[in-house]
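Just below is one structure, and these are the notes that go with it.
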Amino acid sequence: MIPYYHQGNKLTFSNRIKLIKPSSTMALTSKANEMRQNGEDVIVLTVGEPDFDTPEYIKNAAKDAIDAGLTKYTSVDGTPELKKAIIEKFKRENNLSYQPDEIIVSAGCKQSIFNMLQVLIDEGDEVLIPEPYWVSYADMVVYAGGSPIMLHTSYEENFDINMSELETKISNNTKLLMINSPNNPSGKYFDSNTLESVSDILQRYHENIYISSDDIYEHIHWHQEEFHNIVNVCPDLKERTIVLNGVSKAYSMTGWRIGYAAGSADIIKKMKTLQSQSTSCASSISQAAACAALTFECKELPQMKAQYKKRHDFVVSQLNQIEGVLCKETDGTFYVFPSFKEYITNSDLSDDNDLAMKLLNEAKVAVVPGSAFGMDGHVRLSIAVDIKSLEDAMTRIKSVLS
C-alpha cells in the first residue's frame with residue numbers, strides 16, 4: 001500500500017495553497033457570467049480586457065507562423081526573434097539597453113511577476129507595495145514566503161507616495177519595492193519627480209533593495225509627461241530593477257499570453273530556471289505574433305488610446321453626477337476608481353463589498369470593490385468596453401443609487 005499524509009481520514013491540501021485567495025476580479029466576473037447564462041442582462045465592468053480586436057497585421061503574423069510550421073517548442077526564455085524585438089523596443093521607446101541574456105519571455109506579464117517573486121523572495125522578506133495595488137501582488141508575495149508591507153496613499157492626495165512613510169516602512173528585512181505605473185486600479189502615473197524622490201531614498205540609504213517596475217499600461221497613458229519608469233529617471237538603479245511588460249493591454253492581445261521581463265542576467269537566469277520546471281516556453285505562435293506587434297508600427301494603438309480617453313471622460317462626468325460620489329480624472333489605464341465613501345456613509349450599506357453586490361443585483365452592473373485593491377470605499381470600473389455598454393451602465397448605476 002502506498003502511504004499518504006492525512007489528517008484523520010481526510011486527504012488534505014498543502015498549507016501553502018491556503019495562503020492565497022481567489023482573485024476578486026475573477027470571482028465577480030464568474031458570478032456576473034453565471035447570471036448572464038441564466039438569462040440576466042448584466043454589464044460586466046470587472047475585467048481589464050480591451051474590447052478591440054487584435055490588429056490584423058499581428059494576426060497575420062500568427063497565421064504565417066502556423067503556415068511556416070513554427071509550432072514547436074522554443075527556447076525557454078523566448079525565441080531569438082522576439083527577444084531581439086523586445087530589446088529594440090526598449091531602445092526605441094524607453095532609451096534602455098539590454099542584452100539577450102537580460103530578457104525573458106513568459107506566458108503573460110503575470111507569470112513574469114510570479115517568477116520574479118519566487119526567485120527574489122524568501123521567508124521573512126518584506127515587500128513594499130503602494131496602495132491601491134493590483135489584486136495579485138499581495139497574494140503572490142505571500143505565496144513566495146514574504147510579507148506585503150503597504151504604503152498608505154489617499155484619494156485626497158492623488159495617491160502620491162509619502163516619502164517619509166516610505167523611509168519609515170523600510171527595514172532590514174525589506175527586499176523589494178513594487179511599482180506599477182500607470183497603476184491598476186487607480187490610473188495613477190508616478191511622474192519623474194516622484195520617482196526621483198524614491199530613487200534618492202533607495203540610493204542613499206538602501207543598496208540591497210530590488211525594484212520592480214510594472215509598465216504593462218505604458219501605452220495607455222495621457223499624463224502631460226511622457227512615460228518614464230524608474231530606470232529612465234535613475235539609470236544607476238538599473239542593475240537592481242526588473243522591468244515588466246507585455247503585449248496584452250496595448251495591442252489587445254490578452255488571450256495570446258505573452259509578457260516579458262528585463263533585468264540583470266543573474267536574475268533572468270534564475271527566472272529561466274524556474275520557468276523551465278513549470279511552463280517552459282510560451283506559445284510559439286503567440287511569440288511570432290508578439291514579435292510583429294513590437295516590430296512594426298501599430299496604427300490602431302493611438303486610435304484605441306483615444307477611445308479609452310473618450311470613455312474615461314464620459315464615465316468620470318457621469319459618476320460625478322451622483323450625490324456622494326467623487327470620481328477624479330486618471331492619468332491612464334482603462335479603469336476609473338471613484339470614491340463612494342460619502343455615499344456608503346449616508347446609506348444602509350456597510351462597505352464597498354455591499355455596494356458592489358447592490359450594483360450587481362439591482363443595477364445588473366458588475367464592478368470590483370476597492371477593498372480588493374487595498375482601498376476601502378472605492379470601486380473599480382473597467383472602461384475597456386464599448387461606449388453603448390458604458391452609457392447603459394451609467395444609466396443603471398445612477399438610477400439605482402439615486
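Please note that chains go A, B, ... in the order of the C-alpha cells, that every chain numbers its residues from 1, and that ligands are numbered from 1 in the order shown.
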
Residues flagged strand (DSSP E or B) by DSSP in stretch 155-274 of chain A, as an MDAnalysis selection string: chainID A and resid 174:180 210:214 221 241:246 259:262

Using only C-alpha atoms, find each residue of stretch 35-90 of chain A with at least one atom at most 6 Å away from an atom of stretch 289-308 of chain A; report its shortest atom-to-atom pair and that distance in Å (one decimal), sort the rows by chain and rising residue number, and return the result as a Markdown table.
| residue | atom | partner | partner_atom | distance |
| --- | --- | --- | --- | --- |
| A:Ile58 | CA | A:Ala289 | CA | 5.1 |
| A:Ala61 | CA | A:Ala289 | CA | 5.3 |
| A:Ala62 | CA | A:Ala289 | CA | 4.9 |
| A:Leu82 | CA | A:Cys291 | CA | 4.8 |
| A:Ala85 | CA | A:Thr295 | CA | 5.8 |

Write the residues of the selection above to a file with N, CA and C atoms, as a PDB file, in the first residue's frame.
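What ended up in part37.pdb:
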ATOM      1  N   ILE A  58      -0.923  41.721 -36.761  1.00  0.00           N
ATOM      2  CA  ILE A  58      -0.459  40.803 -35.721  1.00  0.00           C
ATOM      3  C   ILE A  58      -1.064  39.415 -35.957  1.00  0.00           C
ATOM      4  N   ALA A  61       0.672  37.679 -38.782  1.00  0.00           N
ATOM      5  CA  ALA A  61       1.982  37.124 -38.401  1.00  0.00           C
ATOM      6  C   ALA A  61       1.813  35.757 -37.746  1.00  0.00           C
ATOM      7  N   ALA A  62       0.750  35.595 -36.970  1.00  0.00           N
ATOM      8  CA  ALA A  62       0.478  34.302 -36.338  1.00  0.00           C
ATOM      9  C   ALA A  62       0.107  33.262 -37.390  1.00  0.00           C
ATOM     10  N   LEU A  82      11.915  37.267 -31.043  1.00  0.00           N
ATOM     11  CA  LEU A  82      11.104  38.063 -30.133  1.00  0.00           C
ATOM     12  C   LEU A  82      11.984  38.806 -29.128  1.00  0.00           C
ATOM     13  N   ALA A  85      13.261  41.767 -30.774  1.00  0.00           N
ATOM     14  CA  ALA A  85      12.218  42.787 -30.912  1.00  0.00           C
ATOM     15  C   ALA A  85      11.993  43.524 -29.589  1.00  0.00           C
TER      16      ALA A  85
END

Picked from stretch 54-196 of chain A by DSSP as helix (DSSP H, G or I), as an NGL selection string: :A and (56-67 or 80-94 or 100-102 or 109-120 or 135-143 or 163-169 or 192-196)

Taking only C-alpha atoms into account, produce a table as a Markdown table in which each residue of stretch 157-241 of chain A with an atom at most 12 Å from an atom of stretch 43-51 of chain A appears once, together with its shortest atom pair and the distance in Å to one decimal, ordered by chain and rising number.
| residue | atom | partner | partner_atom | distance |
| --- | --- | --- | --- | --- |
| A:Asn184 | CA | A:Gly48 | CA | 9.1 |
| A:Pro185 | CA | A:Gly48 | CA | 9.6 |
| A:Ile216 | CA | A:Gly48 | CA | 11.6 |
| A:Tyr217 | CA | A:Gly48 | CA | 10.8 |
| A:Ile220 | CA | A:Pro50 | CA | 11.2 |

Got time to write the residues from that selection, all heavy atoms, as a compact mmCIF listing (two decimals), in the first residue's frame?
# COMPACT_ATOMS: atom_id res chain seq x y z
N ASN A 184 -2.90 50.04 -11.88
CA ASN A 184 -4.16 49.31 -11.81
C ASN A 184 -4.42 49.05 -10.33
O ASN A 184 -3.60 48.38 -9.68
CB ASN A 184 -4.05 47.99 -12.57
CG ASN A 184 -5.26 47.09 -12.41
OD1 ASN A 184 -6.28 47.49 -11.89
ND2 ASN A 184 -5.13 45.85 -12.87
N PRO A 185 -5.46 49.65 -9.71
CA PRO A 185 -6.71 50.09 -10.33
C PRO A 185 -6.89 51.60 -10.50
O PRO A 185 -7.89 52.04 -11.08
CB PRO A 185 -7.73 49.61 -9.29
CG PRO A 185 -7.03 49.87 -7.99
CD PRO A 185 -5.59 49.52 -8.25
N ILE A 216 2.96 47.63 -17.69
CA ILE A 216 2.04 47.00 -18.63
C ILE A 216 1.08 48.00 -19.27
O ILE A 216 0.61 47.80 -20.38
CB ILE A 216 1.27 45.84 -17.95
CG1 ILE A 216 0.53 44.98 -18.97
CG2 ILE A 216 0.33 46.37 -16.89
CD1 ILE A 216 1.42 44.15 -19.85
N TYR A 217 0.80 49.13 -18.57
CA TYR A 217 -0.11 50.14 -19.14
C TYR A 217 0.65 51.34 -19.72
O TYR A 217 0.09 52.43 -19.86
CB TYR A 217 -1.10 50.61 -18.06
CG TYR A 217 -2.06 49.52 -17.64
CD1 TYR A 217 -1.83 48.78 -16.49
CD2 TYR A 217 -3.18 49.20 -18.41
CE1 TYR A 217 -2.69 47.76 -16.11
CE2 TYR A 217 -4.04 48.18 -18.03
CZ TYR A 217 -3.79 47.46 -16.89
OH TYR A 217 -4.63 46.45 -16.52
N ILE A 220 -1.12 53.19 -22.51
CA ILE A 220 -2.46 53.72 -22.24
C ILE A 220 -2.28 54.78 -21.16
O ILE A 220 -2.55 54.57 -19.98
CB ILE A 220 -3.42 52.59 -21.82
CG1 ILE A 220 -3.36 51.44 -22.82
CG2 ILE A 220 -4.86 53.12 -21.72
CD1 ILE A 220 -4.12 50.21 -22.40

A:Asp331, A:Pro338, A:Asn95, A:Ala393 ranked by distance to A:Pro235, top pick (using only C-alpha atoms):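 Ranked by minimum distance to A:Pro235, first place goes to A:Asn95.
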
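When atom CA of A:Val76 is paired with atom CA of A:Met26, their separation reads 28.3 Å.
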
Residue nearest A:Leu128 among A:Lys89, A:Lys175, A:His228, A:Lys110 (counting only C-alpha atoms):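 Going through A:Lys89, A:Lys175, A:His228, A:Lys110 one by one, the smallest distance to A:Leu128 is for A:Lys175.
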
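Between A:Ser97 and the residues A:Thr279, A:Thr333, A:Ser264, A:Ser199, the shortest atom-to-atom distance, using only C-alpha atoms, involves A:Ser264.
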
Length of the atom CA of A:Ala261 to atom CA of A:Thr25 vector [Å]: 24.0 Å
